[in-house]
file entry-v7.txt (compact mmCIF, C-alpha atoms and all ligand atoms)
# COMPACT_ATOMS: atom_id res chain seq x y z
CA MET L 1 -13.51 -14.45 -37.01
CA ASP L 2 -17.13 -15.59 -37.64
CA ASP L 3 -18.64 -18.56 -35.83
CA LYS L 4 -18.35 -20.88 -38.80
CA THR L 5 -14.60 -20.36 -39.22
CA ALA L 6 -14.12 -20.74 -35.51
CA ARG L 7 -16.02 -24.05 -35.48
CA LYS L 8 -14.05 -25.36 -38.45
CA ARG L 9 -10.78 -24.64 -36.68
CA GLN L 10 -9.26 -27.45 -34.79
CA ARG L 11 -6.16 -27.16 -32.72
CA GLN L 12 -3.05 -28.33 -34.55
CA SER L 13 -1.46 -29.61 -31.46
CA GLU L 14 -3.37 -31.40 -28.73
CA VAL L 15 -0.27 -31.52 -26.55
CA ARG L 16 0.37 -27.80 -26.56
CA THR L 17 -2.99 -26.96 -25.06
CA ILE L 18 -2.64 -29.40 -22.18
CA ALA L 19 -0.52 -28.08 -19.36
CA HIS L 20 1.78 -26.38 -21.84
CA ALA L 21 3.05 -23.89 -19.26
CA ALA L 22 3.97 -26.70 -16.87
CA PHE L 23 5.94 -28.40 -19.63
CA ILE L 24 7.79 -25.21 -20.61
CA ALA L 25 8.84 -24.88 -16.97
CA THR L 26 10.89 -28.07 -17.36
CA GLN L 27 12.88 -26.71 -20.33
CA GLY L 28 16.21 -24.87 -20.52
CA PHE L 29 16.69 -21.15 -19.85
CA ALA L 30 16.56 -20.10 -23.50
CA THR L 31 13.42 -22.14 -24.19
CA ARG L 32 11.76 -20.60 -21.13
CA SER L 33 12.80 -17.13 -22.35
CA VAL L 34 11.12 -17.76 -25.71
CA HIS L 35 7.99 -19.63 -24.64
CA GLY L 36 7.40 -18.53 -21.03
CA GLY L 37 4.11 -16.66 -20.61
CA ASN L 38 3.21 -17.09 -24.28
CA GLU L 39 0.40 -19.35 -25.52
CA VAL L 40 -1.61 -19.46 -28.73
CA ASP L 41 -4.41 -16.93 -28.29
CA ASP L 42 -7.67 -18.82 -27.67
CA GLU L 43 -9.83 -16.36 -29.56
CA THR L 44 -7.85 -15.57 -32.71
CA TYR L 45 -5.27 -18.40 -32.80
CA ALA L 46 -2.56 -15.77 -33.06
CA ILE L 47 0.72 -17.31 -31.92
CA ARG L 48 1.63 -14.13 -30.04
CA ARG L 49 -0.47 -13.02 -27.11
CA PRO L 50 -2.12 -9.66 -27.82
CA ILE L 51 -1.77 -6.39 -25.92
CA THR L 52 -4.83 -6.01 -23.73
CA MET L 53 -5.03 -2.30 -23.04
CA ALA L 54 -8.36 -2.46 -21.18
CA ASN L 55 -8.22 -1.06 -17.66
CA SER L 56 -11.19 -3.20 -16.58
CA TYR L 57 -12.82 -6.56 -17.29
CA GLU L 58 -16.48 -7.61 -17.44
CA LEU L 59 -17.83 -8.47 -14.01
CA PRO L 60 -19.41 -11.88 -13.35
CA TYR L 61 -23.22 -12.24 -13.14
CA ASP L 62 -23.03 -11.94 -9.37
CA PRO L 63 -20.20 -9.58 -8.39
CA THR L 64 -21.27 -9.22 -4.76
CA GLY L 65 -18.61 -11.60 -3.46
CA ILE L 66 -15.71 -9.74 -5.04
CA ASN L 67 -13.03 -8.32 -2.74
CA TRP L 68 -12.16 -5.08 -4.51
CA SER L 69 -8.81 -4.90 -2.71
CA ALA L 70 -7.65 -8.36 -3.72
CA ALA L 71 -4.91 -8.88 -6.27
CA GLY L 72 -5.68 -11.24 -9.12
CA GLY L 73 -9.02 -12.00 -10.72
CA MET L 74 -9.69 -10.15 -13.93
CA VAL L 75 -11.52 -7.11 -12.59
CA TYR L 76 -9.38 -3.99 -12.73
CA THR L 77 -5.91 -3.58 -14.20
CA ARG L 78 -4.40 -2.14 -11.01
CA ASN L 79 -5.23 -5.47 -9.30
CA SER L 80 -4.23 -7.67 -12.23
CA GLY L 81 -4.37 -7.77 -16.00
CA ALA L 82 -3.68 -10.13 -18.85
CA ASN L 83 -0.28 -8.80 -19.95
CA GLN L 84 0.93 -8.46 -16.36
CA ILE L 85 0.04 -12.07 -15.59
CA TRP L 86 1.79 -13.42 -18.67
CA LEU L 87 4.96 -11.47 -17.92
CA GLU L 88 4.83 -12.63 -14.29
CA GLN L 89 4.60 -16.24 -15.50
CA LYS L 90 7.74 -15.84 -17.57
CA LEU L 91 9.74 -14.05 -14.87
CA ALA L 92 8.88 -16.71 -12.29
CA LEU L 93 10.22 -19.31 -14.76
CA LEU L 94 13.43 -17.35 -15.30
CA GLU L 95 14.10 -16.64 -11.61
CA SER L 96 13.26 -20.19 -10.40
CA ALA L 97 10.47 -18.65 -8.32
CA GLU L 98 7.01 -19.81 -7.28
CA ALA L 99 5.64 -16.40 -8.25
CA SER L 100 6.53 -12.92 -9.48
CA VAL L 101 4.86 -9.53 -9.35
CA VAL L 102 5.52 -6.92 -12.02
CA LEU L 103 5.31 -3.23 -11.14
CA ALA L 104 5.71 0.15 -12.82
CA SER L 105 9.47 0.46 -12.18
CA GLY L 106 12.39 -1.11 -10.37
CA VAL L 107 11.99 1.48 -7.64
CA ALA L 108 8.32 0.51 -7.20
CA ALA L 109 9.60 -3.04 -6.66
CA ILE L 110 12.16 -1.96 -4.01
CA ALA L 111 9.61 0.31 -2.27
CA GLY L 112 7.06 -2.52 -2.42
CA VAL L 113 9.42 -4.90 -0.61
CA LEU L 114 10.27 -2.35 2.09
CA PHE L 115 6.65 -1.26 2.58
CA THR L 116 5.37 -4.85 2.78
CA PHE L 117 7.92 -6.49 5.03
CA VAL L 118 9.15 -3.82 7.46
CA ALA L 119 7.04 -1.90 9.99
CA SER L 120 7.74 0.98 12.40
CA GLY L 121 10.23 0.06 15.11
CA GLU L 122 11.74 -2.72 13.01
CA HIS L 123 15.23 -2.81 11.56
CA ILE L 124 16.76 -3.20 8.09
CA VAL L 125 20.35 -4.16 7.31
CA ALA L 126 21.33 -2.90 3.86
CA SER L 127 24.37 -2.70 1.59
CA ASP L 128 26.12 0.64 2.00
CA ASN L 129 26.26 0.90 -1.77
CA SER L 130 22.97 0.57 -3.59
CA TYR L 131 20.80 2.24 -6.20
CA ILE L 132 20.25 5.90 -5.26
CA ALA L 133 16.47 5.54 -4.67
CA ALA L 134 17.01 2.47 -2.47
CA TYR L 135 19.53 4.53 -0.49
CA ARG L 136 17.02 7.40 -0.09
CA LEU L 137 14.23 5.09 1.01
CA ILE L 138 16.34 3.09 3.46
CA GLU L 139 18.64 5.82 4.76
CA GLU L 140 16.23 8.77 4.83
CA LEU L 141 12.53 8.35 4.03
CA PHE L 142 11.60 5.19 5.94
CA PRO L 143 13.53 6.21 9.10
CA GLN L 144 12.18 9.78 9.04
CA LYS L 145 8.58 9.00 8.18
CA TYR L 146 7.99 5.60 9.78
CA GLY L 147 10.65 5.23 12.48
CA ILE L 148 12.24 2.26 10.73
CA GLU L 149 15.79 1.61 11.93
CA ARG L 150 18.59 0.77 9.56
CA THR L 151 22.24 -0.14 9.51
CA LEU L 152 24.24 0.27 6.32
CA VAL L 153 27.18 -2.11 6.05
CA ASP L 154 29.76 -3.05 3.48
CA SER L 155 27.98 -6.28 2.58
CA ARG L 156 31.09 -7.67 0.85
CA ASP L 157 32.11 -8.41 4.43
CA VAL L 158 29.86 -11.25 5.66
CA GLN L 159 31.05 -10.73 9.25
CA ALA L 160 29.96 -7.07 9.13
CA VAL L 161 26.48 -8.15 8.01
CA ARG L 162 26.26 -10.64 10.90
CA GLN L 163 27.32 -8.01 13.41
CA ALA L 164 24.69 -5.54 12.16
CA ILE L 165 21.82 -7.89 13.02
CA ARG L 166 19.57 -6.81 15.91
CA PRO L 167 16.65 -8.61 17.58
CA ASN L 168 14.21 -6.49 15.54
CA THR L 169 15.92 -7.02 12.15
CA ARG L 170 13.26 -8.07 9.65
CA LEU L 171 15.02 -7.60 6.33
CA ILE L 172 18.49 -7.68 4.84
CA HIS L 173 18.59 -5.90 1.48
CA ILE L 174 21.64 -6.21 -0.74
CA GLU L 175 22.46 -5.36 -4.31
CA THR L 176 24.97 -7.56 -6.12
CA PRO L 177 26.75 -6.58 -8.28
CA ALA L 178 26.03 -3.13 -6.83
CA ASN L 179 25.18 -0.01 -8.80
CA PRO L 180 27.47 1.85 -9.48
CA THR L 181 30.56 0.34 -7.80
CA LEU L 182 30.08 -3.32 -8.88
CA LYS L 183 30.68 -4.49 -5.29
CA VAL L 184 29.91 -8.20 -5.08
CA SER L 185 28.31 -9.72 -1.97
CA ASP L 186 27.93 -13.39 -1.07
CA ILE L 187 24.22 -14.21 -1.45
CA ALA L 188 24.30 -17.72 0.05
CA ALA L 189 26.28 -16.68 3.14
CA ILE L 190 24.06 -13.64 3.78
CA ALA L 191 20.88 -15.71 3.25
CA LYS L 192 22.04 -17.96 6.07
CA ILE L 193 22.59 -14.97 8.36
CA ALA L 194 19.11 -13.66 7.51
CA HIS L 195 17.44 -16.99 8.21
CA ASP L 196 19.31 -17.56 11.48
CA ALA L 197 17.88 -14.17 12.53
CA LYS L 198 14.36 -15.04 11.23
CA ALA L 199 14.70 -12.16 8.77
CA LEU L 200 14.22 -12.11 5.00
CA LEU L 201 16.93 -11.52 2.41
CA SER L 202 16.06 -9.44 -0.63
CA VAL L 203 18.59 -9.20 -3.45
CA ASP L 204 18.50 -6.57 -6.18
CA SER L 205 19.96 -8.62 -9.03
CA THR L 206 19.40 -6.07 -11.81
CA PHE L 207 23.08 -5.81 -12.83
CA ALA L 208 23.29 -9.57 -13.36
CA SER L 209 19.86 -10.47 -14.83
CA PRO L 210 18.51 -13.99 -14.23
CA TYR L 211 20.67 -15.33 -17.06
CA ASN L 212 23.84 -14.69 -15.02
CA GLN L 213 22.62 -15.01 -11.43
CA ARG L 214 19.55 -16.47 -9.68
CA PRO L 215 19.49 -15.35 -6.04
CA LEU L 216 16.49 -17.52 -5.07
CA GLU L 217 18.48 -20.66 -5.95
CA LEU L 218 21.16 -19.42 -3.52
CA GLY L 219 18.72 -19.01 -0.62
CA ALA L 220 17.46 -15.42 -1.01
CA ASP L 221 13.77 -14.92 -0.23
CA LEU L 222 13.08 -12.09 -2.68
CA CYS L 223 14.76 -11.21 -5.97
CA ILE L 224 14.28 -7.69 -7.34
CA GLN L 225 14.76 -6.71 -10.97
CA SER L 226 14.52 -3.38 -12.70
CA LEU L 227 12.93 -4.74 -15.89
CA THR L 228 13.87 -1.41 -17.47
CA LYS L 229 17.40 -2.75 -17.83
CA TYR L 230 18.53 -6.13 -19.20
CA ILE L 231 15.20 -7.97 -19.18
CA ASN L 232 13.55 -5.46 -21.51
CA GLY L 233 16.92 -4.70 -23.05
CA HIS L 234 15.82 -2.13 -25.60
CA GLY L 235 15.66 1.07 -23.58
CA ASP L 236 12.02 1.78 -24.33
CA ALA L 237 10.03 0.88 -21.22
CA LEU L 238 10.12 1.13 -17.42
CA GLY L 239 9.21 -1.83 -15.25
CA GLY L 240 10.17 -3.69 -12.10
CA ALA L 241 9.61 -7.11 -10.58
CA VAL L 242 9.92 -9.04 -7.36
CA SER L 243 10.09 -12.84 -7.41
CA GLY L 244 9.78 -15.25 -4.48
CA SER L 245 7.30 -17.56 -2.75
CA CYS L 246 3.56 -17.37 -3.48
CA GLU L 247 3.01 -16.14 0.07
CA HIS L 248 5.52 -13.27 -0.13
CA ILE L 249 4.55 -12.21 -3.63
CA GLY L 250 0.85 -12.34 -2.73
CA ARG L 251 1.51 -9.95 0.14
CA ILE L 252 3.41 -7.51 -2.09
CA LYS L 253 0.55 -7.59 -4.58
CA THR L 254 -2.17 -6.77 -2.08
CA GLU L 255 -0.22 -4.41 0.15
CA ALA L 256 2.06 -2.59 -2.26
CA MET L 257 0.53 -2.99 -5.73
CA VAL L 258 -3.24 -2.71 -5.26
CA ASN L 259 -3.06 -0.21 -2.41
CA LEU L 260 -0.02 1.89 -3.33
CA GLY L 261 -0.87 1.70 -7.01
CA GLY L 262 2.48 1.22 -8.72
CA SER L 263 1.01 -1.10 -11.36
CA ILE L 264 2.72 -1.47 -14.72
CA SER L 265 0.89 -0.48 -17.91
CA PRO L 266 -0.19 -3.40 -20.15
CA PHE L 267 1.78 -1.89 -23.04
CA ASN L 268 5.02 -1.77 -21.04
CA ALA L 269 4.44 -5.31 -19.81
CA TRP L 270 4.02 -6.40 -23.43
CA LEU L 271 7.17 -4.57 -24.57
CA ILE L 272 9.18 -6.16 -21.76
CA GLN L 273 7.76 -9.61 -22.58
CA ARG L 274 8.86 -9.07 -26.18
CA GLY L 275 12.32 -7.81 -25.25
CA SER L 276 12.92 -10.64 -22.78
CA VAL L 277 12.69 -13.30 -25.51
CA THR L 278 16.30 -12.57 -26.53
CA LEU L 279 17.68 -12.19 -22.98
CA PRO L 280 20.05 -15.21 -23.14
CA LEU L 281 21.51 -14.21 -26.52
CA ARG L 282 21.96 -10.62 -25.46
CA MET L 283 23.53 -11.51 -22.12
CA ARG L 284 26.12 -13.72 -23.78
CA GLN L 285 27.18 -10.78 -25.94
CA HIS L 286 27.12 -8.28 -23.04
CA ASN L 287 29.20 -10.68 -20.93
CA ALA L 288 31.80 -11.28 -23.64
CA SER L 289 32.20 -7.64 -24.69
CA ALA L 290 32.28 -6.25 -21.15
CA LEU L 291 35.03 -8.68 -20.14
CA ALA L 292 37.07 -7.71 -23.20
CA VAL L 293 36.59 -3.97 -22.55
CA ALA L 294 37.40 -4.39 -18.83
CA GLN L 295 40.63 -6.22 -19.70
CA TRP L 296 41.55 -3.59 -22.28
CA LEU L 297 40.94 -0.76 -19.80
CA GLU L 298 43.05 -2.52 -17.17
CA GLY L 299 46.01 -2.37 -19.53
CA ARG L 300 45.82 1.43 -20.05
CA SER L 301 48.18 3.64 -18.07
CA SER L 302 45.66 6.52 -17.82
CA VAL L 303 43.09 4.23 -16.18
CA ASN L 304 43.20 4.39 -12.36
CA PHE L 305 41.04 1.39 -11.66
CA VAL L 306 38.51 -0.92 -13.29
CA ALA L 307 35.71 -2.61 -11.32
CA TYR L 308 34.22 -5.64 -13.09
CA PRO L 309 33.13 -8.91 -11.41
CA GLY L 310 34.97 -10.91 -14.08
CA LEU L 311 38.38 -9.41 -13.23
CA ALA L 312 40.53 -11.23 -10.68
CA SER L 313 41.44 -7.79 -9.27
CA LEU L 314 37.89 -7.21 -7.94
CA ALA L 315 37.36 -8.03 -4.24
CA ASN L 316 35.08 -11.09 -4.00
CA HIS L 317 35.87 -12.16 -7.58
CA ASN L 318 35.81 -15.73 -6.23
CA VAL L 319 32.26 -15.15 -4.93
CA ALA L 320 31.24 -13.82 -8.36
CA LEU L 321 32.71 -16.93 -9.99
CA ARG L 322 30.55 -19.10 -7.75
CA GLN L 323 27.25 -17.21 -7.84
CA MET L 324 27.23 -15.85 -11.41
CA PRO L 325 27.46 -19.03 -13.46
CA GLY L 326 26.15 -17.39 -16.66
CA GLY L 327 28.76 -14.63 -16.76
CA PHE L 328 29.61 -11.31 -15.14
CA GLY L 329 27.26 -8.94 -16.95
CA GLY L 330 27.71 -5.88 -19.11
CA MET L 331 28.31 -3.28 -16.38
CA LEU L 332 31.66 -1.92 -15.34
CA ALA L 333 33.10 1.13 -13.61
CA PHE L 334 36.48 2.75 -14.16
CA GLY L 335 38.40 5.86 -13.19
CA LEU L 336 40.69 8.03 -15.31
CA ALA L 337 43.76 9.87 -14.04
CA ALA L 338 42.28 13.21 -15.12
CA ASP L 339 40.42 16.24 -13.76
CA THR L 340 36.68 16.82 -14.17
CA ASP L 341 37.06 18.97 -17.29
CA THR L 342 39.15 16.33 -19.03
CA CYS L 343 36.70 13.60 -18.03
CA ASN L 344 33.77 15.58 -19.47
CA TYR L 345 35.77 16.24 -22.63
CA PHE L 346 36.59 12.53 -22.97
CA VAL L 347 32.85 11.69 -22.86
CA SER L 348 32.05 14.40 -25.43
CA GLN L 349 34.47 12.75 -27.89
CA LEU L 350 32.78 9.31 -27.83
CA ARG L 351 31.04 8.50 -31.11
CA VAL L 352 29.56 5.04 -30.54
CA ILE L 353 28.96 5.14 -26.79
CA THR L 354 26.17 7.50 -25.67
CA SER L 355 26.30 9.65 -22.55
CA ALA L 356 23.12 8.76 -20.68
CA VAL L 357 21.88 7.08 -17.52
CA SER L 358 20.09 3.73 -17.48
CA LEU L 359 21.79 0.50 -18.53
CA GLY L 360 21.31 -2.90 -20.09
CA HIS L 361 20.21 -1.41 -23.40
CA ASP L 362 21.19 -2.56 -26.88
CA GLU L 363 23.38 0.56 -27.20
CA SER L 364 26.33 1.27 -24.91
CA LEU L 365 25.80 4.02 -22.35
CA ILE L 366 28.26 5.90 -20.19
CA ALA L 367 27.61 8.12 -17.17
CA TYR L 368 30.32 10.26 -15.57
CA LEU L 369 29.74 10.32 -11.83
CA GLY L 370 31.98 13.18 -10.78
CA PRO L 371 33.50 13.73 -7.34
CA GLY L 372 31.04 14.98 -4.75
CA ASP L 373 28.34 12.29 -4.78
CA GLU L 374 27.08 12.38 -1.19
CA ARG L 375 27.27 8.58 -0.96
CA GLN L 376 30.94 8.56 -1.81
CA TYR L 377 31.97 8.27 1.83
CA LEU L 378 30.52 4.78 1.50
CA TYR L 379 32.35 3.90 -1.69
CA PRO L 380 35.74 2.21 -1.90
CA SER L 381 38.31 5.04 -1.90
CA GLU L 382 39.32 4.71 -5.56
CA PHE L 383 35.85 5.98 -6.53
CA ASN L 384 36.18 9.25 -4.59
CA ASP L 385 37.76 11.29 -7.39
CA GLY L 386 34.94 10.58 -9.81
CA PHE L 387 34.49 7.65 -12.13
CA PHE L 388 32.58 6.34 -15.14
CA ARG L 389 29.76 3.81 -15.11
CA LEU L 390 29.76 2.02 -18.45
CA SER L 391 26.96 -0.18 -19.73
CA ILE L 392 28.36 -2.29 -22.55
CA GLY L 393 25.81 -2.76 -25.33
CA LEU L 394 25.52 -5.07 -28.29
CA GLU L 395 27.78 -3.22 -30.75
CA ASP L 396 30.92 -4.92 -32.11
CA THR L 397 33.43 -5.28 -29.30
CA GLU L 398 36.28 -3.84 -31.44
CA ASP L 399 34.19 -0.74 -32.22
CA LEU L 400 33.63 -0.10 -28.54
CA ILE L 401 37.30 -0.44 -27.70
CA ALA L 402 38.27 1.75 -30.68
CA ASP L 403 35.75 4.38 -29.56
CA LEU L 404 37.18 4.51 -26.03
CA ASP L 405 40.69 4.56 -27.46
CA GLN L 406 40.13 7.50 -29.82
CA ALA L 407 38.23 9.53 -27.18
CA MET L 408 41.07 8.98 -24.68
CA ALA L 409 43.60 10.05 -27.30
CA ARG L 410 41.63 13.22 -28.06
CA ALA L 411 41.48 13.98 -24.34
CA GLY L 412 45.27 13.52 -24.15
CA LEU L 413 44.98 10.38 -22.05
C1 LIG F 1 17.86 1.14 -12.45
C2 LIG F 1 17.96 0.37 -11.19
C3 LIG F 1 16.89 0.37 -10.26
C4 LIG F 1 15.66 1.19 -10.48
O1 LIG F 1 14.89 0.77 -11.55
P1 LIG F 1 13.87 1.75 -12.33
O2 LIG F 1 13.23 0.82 -13.28
O3 LIG F 1 14.68 2.83 -12.93
O4 LIG F 1 12.93 2.29 -11.29
C5 LIG F 1 17.01 -0.40 -9.14
N1 LIG F 1 18.13 -1.13 -8.90
C6 LIG F 1 19.17 -1.14 -9.75
C7 LIG F 1 20.37 -1.95 -9.42
C8 LIG F 1 19.12 -0.39 -10.92
O5 LIG F 1 20.17 -0.38 -11.75
call {"tool": "encode", "arguments": {"input": "entry-v7.txt", "output": "C-alpha cells"}}
result
Amino acid sequence: MDDKTARKRQRQSEVRTIAHAAFIATQGFATRSVHGGNEVDDETYAIRRPITMANSYELPYDPTGINWSAAGGMVYTRNSGANQIWLEQKLALLESAEASVVLASGVAAIAGVLFTFVASGEHIVASDNSYIAAYRLIEELFPQKYGIERTLVDSRDVQAVRQAIRPNTRLIHIETPANPTLKVSDIAAIAKIAHDAKALLSVDSTFASPYNQRPLELGADLCIQSLTKYINGHGDALGGAVSGSCEHIGRIKTEAMVNLGGSISPFNAWLIQRGSVTLPLRMRQHNASALAVAQWLEGRSSVNFVAYPGLASLANHNVALRQMPGGFGGMLAFGLAADTDTCNYFVSQLRVITSAVSLGHDESLIAYLGPGDERQYLYPSEFNDGFFRLSIGLEDTEDLIADLDQAMARAGL
C-alpha cells in the first residue's frame, strides 16, 4: 500500500482499536474463540493477522541493553514472535489464565513444567496413568538423570494423593480425563492438597479442552494442553501450551522455552489459531457423538467395558459432572471379548474410522492398544487384555455407529 492510500484510510471503528483485547476478554467462550488474539492488521488493514515467518526482528537503535536470554521482546523467534504471542493471548482467554506459553508440542509443555518447577532431590506426585511421554519423564528420565523422586498414585483416590505427599513434594501432576484409560481425578480436591503442602498442581487437560473443563478455575496452578489435539482440531500441526499466572508462565518461558529451545514454528501457531476458532462448535459435536457411541457400545454383548466420563458406570462420574460443565469430550476406551487377531481384524474392517494415533481431529481415529503395554500394571484390570482408544470425530453419529456395527459383524462379534 503506498503512502497516499495509507493516509486516506481511516479506521472504521474507533472502539475496536481502543483496548479491544480487554473488551473481548469480557465476552463469552465462543466470542473469545473467534476474536481472541486477532486484531485488524495495522499495516495492511487485513482482518486476519498474517503469518510472520521471520525468525528475527529488527533491533532497536541501541541494542546494548537487550538481555538475549529473556523471553518476550521482538528479537528472535525462539524468545518470542508475533504468531506465538497472538495464540498465547487467545489461549489465556480460553483457559481463564493470566498468561499462556505455546511450545512445539504437548510433550515440550509437560517437560517444560517438570524442568522449571522441580529440582534434584525434590519430589513429584503423579497420576499412575498418564500420557506415555509424561510417564517416561516422571518415572524414568528425571529420576535417573536428575535424582528427582516420584510417587505414582491412582489419583482418582484423593486420599492416596494426600498420603503420597512428602516434605520435599514440589509438584502434583495429574491428567484428567487420563490418556488412554479416561480415569477422572478431582481437580479441586487435589489442588487443595497441593496448596496445603506448598506444592503446585499441574493438570494435563488435553482430553477435555478448555471448552469442557478449565482446571485453573478449579484451583490448579498450571494447565497443560497438547494443542495438536482438540484446540487445533484438524490433525495438521503439533503444538503445546501451559497456562497459569504471569509469574509461573514467565519462568517456563525463560527456563524451558528460550534455553531448552522447544519453541513452536510461526506457521504451526497460525494453523492452531485458525483451527481454534471453531473449538466450541466442534466440541459440542464431539461431546454429543461420543456419548451416543459410548451408550451404544455399552449395550453390545461383545463389549467387555466402556470407559467414558459421561457414563454413570465410570468411577468418579460424579466428579466429571461437576468439573466438566461443557461436556465429557470425544475420547472413549472400550474392550472387546476377542483375541488379538480378532481385534486387529475388526479394526481392518472399519471404513469411516481410521486406525491411527493422535486424537481430537475432525476424522475419527482408533488405536488398538493390545495386551502387554508395560504400564498396564497401573491400569484398572479390565484394560489388561487389550483395548481400543477411540477418538470420535465430526462425522455423522449414525455413520460412526454403523461403521462399528458392520466391522464387529464382520469380525463375528
Ligand atoms: C497427545 C498428548 C500429549 C502430547 O502432546 P504432543 O503434542 O503429541 O506432544 C500430552 N498429553 C496428552 C493427554 C495427550 O493426549
call {"tool": "closest_residue", "arguments": {"input": "entry-v7.txt", "among": "L:Ile353, L:Ile132, L:Leu218, L:Ala82", "to": "ligand LIG 1 (chain F)", "atoms": "all atoms listed in the file"}}
result
L:Ile132
call {"tool": "closest_residue", "arguments": {"input": "entry-v7.txt", "among": "L:Met74, L:Val357, L:Ile165, L:Leu321", "to": "ligand LIG 1 (chain F)", "atoms": "all atoms listed in the file"}}
result
L:Val357
call {"tool": "residues_around", "arguments": {"input": "entry-v7.txt", "residues": "Ser127 (chain L)", "least_positions_apart": "2", "cutoff": "9 Å", "atoms": "all atoms listed in the file", "output": "JSON, numbers by chain"}}
result
{"L": [125, 129, 130, 135, 151, 152, 153, 154, 155, 156, 161, 172, 173, 174, 175, 178, 185]}
call {"tool": "write_last_selection", "arguments": {"input": "entry-v7.txt", "atoms": "C-alpha atoms", "output": "PDB file, in the frame of the given file"}}
result
ATOM      1  CA  VAL L 125      20.350  -4.160   7.310  1.00  0.00           C
ATOM      2  CA  ASN L 129      26.260   0.900  -1.770  1.00  0.00           C
ATOM      3  CA  SER L 130      22.970   0.570  -3.590  1.00  0.00           C
ATOM      4  CA  TYR L 135      19.530   4.530  -0.490  1.00  0.00           C
ATOM      5  CA  THR L 151      22.240  -0.140   9.510  1.00  0.00           C
ATOM      6  CA  LEU L 152      24.240   0.270   6.320  1.00  0.00           C
ATOM      7  CA  VAL L 153      27.180  -2.110   6.050  1.00  0.00           C
ATOM      8  CA  ASP L 154      29.760  -3.050   3.480  1.00  0.00           C
ATOM      9  CA  SER L 155      27.980  -6.280   2.580  1.00  0.00           C
ATOM     10  CA  ARG L 156      31.090  -7.670   0.850  1.00  0.00           C
ATOM     11  CA  VAL L 161      26.480  -8.150   8.010  1.00  0.00           C
ATOM     12  CA  ILE L 172      18.490  -7.680   4.840  1.00  0.00           C
ATOM     13  CA  HIS L 173      18.590  -5.900   1.480  1.00  0.00           C
ATOM     14  CA  ILE L 174      21.640  -6.210  -0.740  1.00  0.00           C
ATOM     15  CA  GLU L 175      22.460  -5.360  -4.310  1.00  0.00           C
ATOM     16  CA  ALA L 178      26.030  -3.130  -6.830  1.00  0.00           C
ATOM     17  CA  SER L 185      28.310  -9.720  -1.970  1.00  0.00           C
TER      18      SER L 185
END
call {"tool": "residues_near_ligand", "arguments": {"input": "entry-v7.txt", "ligand": "ligand LIG 1 (chain F)", "cutoff": "10 Å", "atoms": "all atoms listed in the file", "output": "PyMOL selection string"}}
result
chain L and resi 103-111+130-134+174-180+182+203-208+224-230+237-241+331+357-360
call {"tool": "residues_around", "arguments": {"input": "entry-v7.txt", "residues": "Leu336 (chain L)", "least_positions_apart": "4", "cutoff": "9 Å", "atoms": "only C-alpha atoms", "output": "short mmCIF file (atom, residue, chain, number, x, y, z; two decimals) with C-alpha atoms, in the frame of the given file"}}
result
data_model
loop_
_atom_site.label_atom_id
_atom_site.label_comp_id
_atom_site.auth_asym_id
_atom_site.auth_seq_id
_atom_site.Cartn_x
_atom_site.Cartn_y
_atom_site.Cartn_z
CA SER L 302 45.66 6.52 -17.82
CA VAL L 303 43.09 4.23 -16.18
CA ASN L 304 43.20 4.39 -12.36
CA PHE L 305 41.04 1.39 -11.66
CA CYS L 343 36.70 13.60 -18.03
CA GLY L 386 34.94 10.58 -9.81
CA PHE L 387 34.49 7.65 -12.13
CA PHE L 388 32.58 6.34 -15.14
CA LEU L 413 44.98 10.38 -22.05
#
call {"tool": "residues_around", "arguments": {"input": "entry-v7.txt", "residues": "Ser245 (chain L)", "least_positions_apart": "5", "cutoff": "9 Å", "atoms": "all atoms listed in the file", "output": "list in words"}}
result
Ala97, Glu98, Ala99, Ser100, Asp221, Leu222 and Gly250 of chain L
call {"tool": "closest_residue", "arguments": {"input": "entry-v7.txt", "among": "L:Glu382, L:Val347, L:Asp396, L:Ser202", "to": "Ala292 (chain L)", "atoms": "all atoms listed in the file"}}
result
L:Asp396
call {"tool": "atom_distance", "arguments": {"input": "entry-v7.txt", "atom1": "CA of Thr77 (chain L)", "atom2": "CA of Val118 (chain L)"}}
result
26.4 Å
call {"tool": "atom_distance", "arguments": {"input": "entry-v7.txt", "atom1": "CA of Tyr368 (chain L)", "atom2": "CA of Asn287 (chain L)"}}
result
21.6 Å
call {"tool": "closest_residue", "arguments": {"input": "entry-v7.txt", "among": "L:Glu149, L:Glu298, L:Glu140, L:Glu95", "to": "Pro215 (chain L)", "atoms": "all atoms listed in the file"}}
result
L:Glu95
call {"tool": "atom_distance", "arguments": {"input": "entry-v7.txt", "atom1": "CA of Leu87 (chain L)", "atom2": "CA of Tyr45 (chain L)"}}
result
19.3 Å
call {"tool": "closest_residue", "arguments": {"input": "entry-v7.txt", "among": "L:Phe328, L:Trp270, L:Tyr308, L:Tyr345", "to": "Asn83 (chain L)", "atoms": "all atoms listed in the file"}}
result
L:Trp270
call {"tool": "axis_aligned_box", "arguments": {"input": "entry-v7.txt", "around": "region 343-354 of chain L", "padding_each_side": "6 Å", "output": "AutoDock Vina command-line options"}}
result
--center_x 31.4 --center_y 10.6 --center_z -24.6 --size_x 22.5 --size_y 23.2 --size_z 25.1
call {"tool": "residues_around", "arguments": {"input": "entry-v7.txt", "residues": "Glu217 (chain L)", "least_positions_apart": "3", "cutoff": "9 Å", "atoms": "all atoms listed in the file", "output": "ChimeraX atom specification"}}
result
/L:95-97,188,213-214,220
call {"tool": "closest_residue", "arguments": {"input": "entry-v7.txt", "among": "L:Ile231, L:Ile148, L:Ala409, L:Ala70", "to": "Ser276 (chain L)", "atoms": "all atoms listed in the file"}}
result
L:Ile231
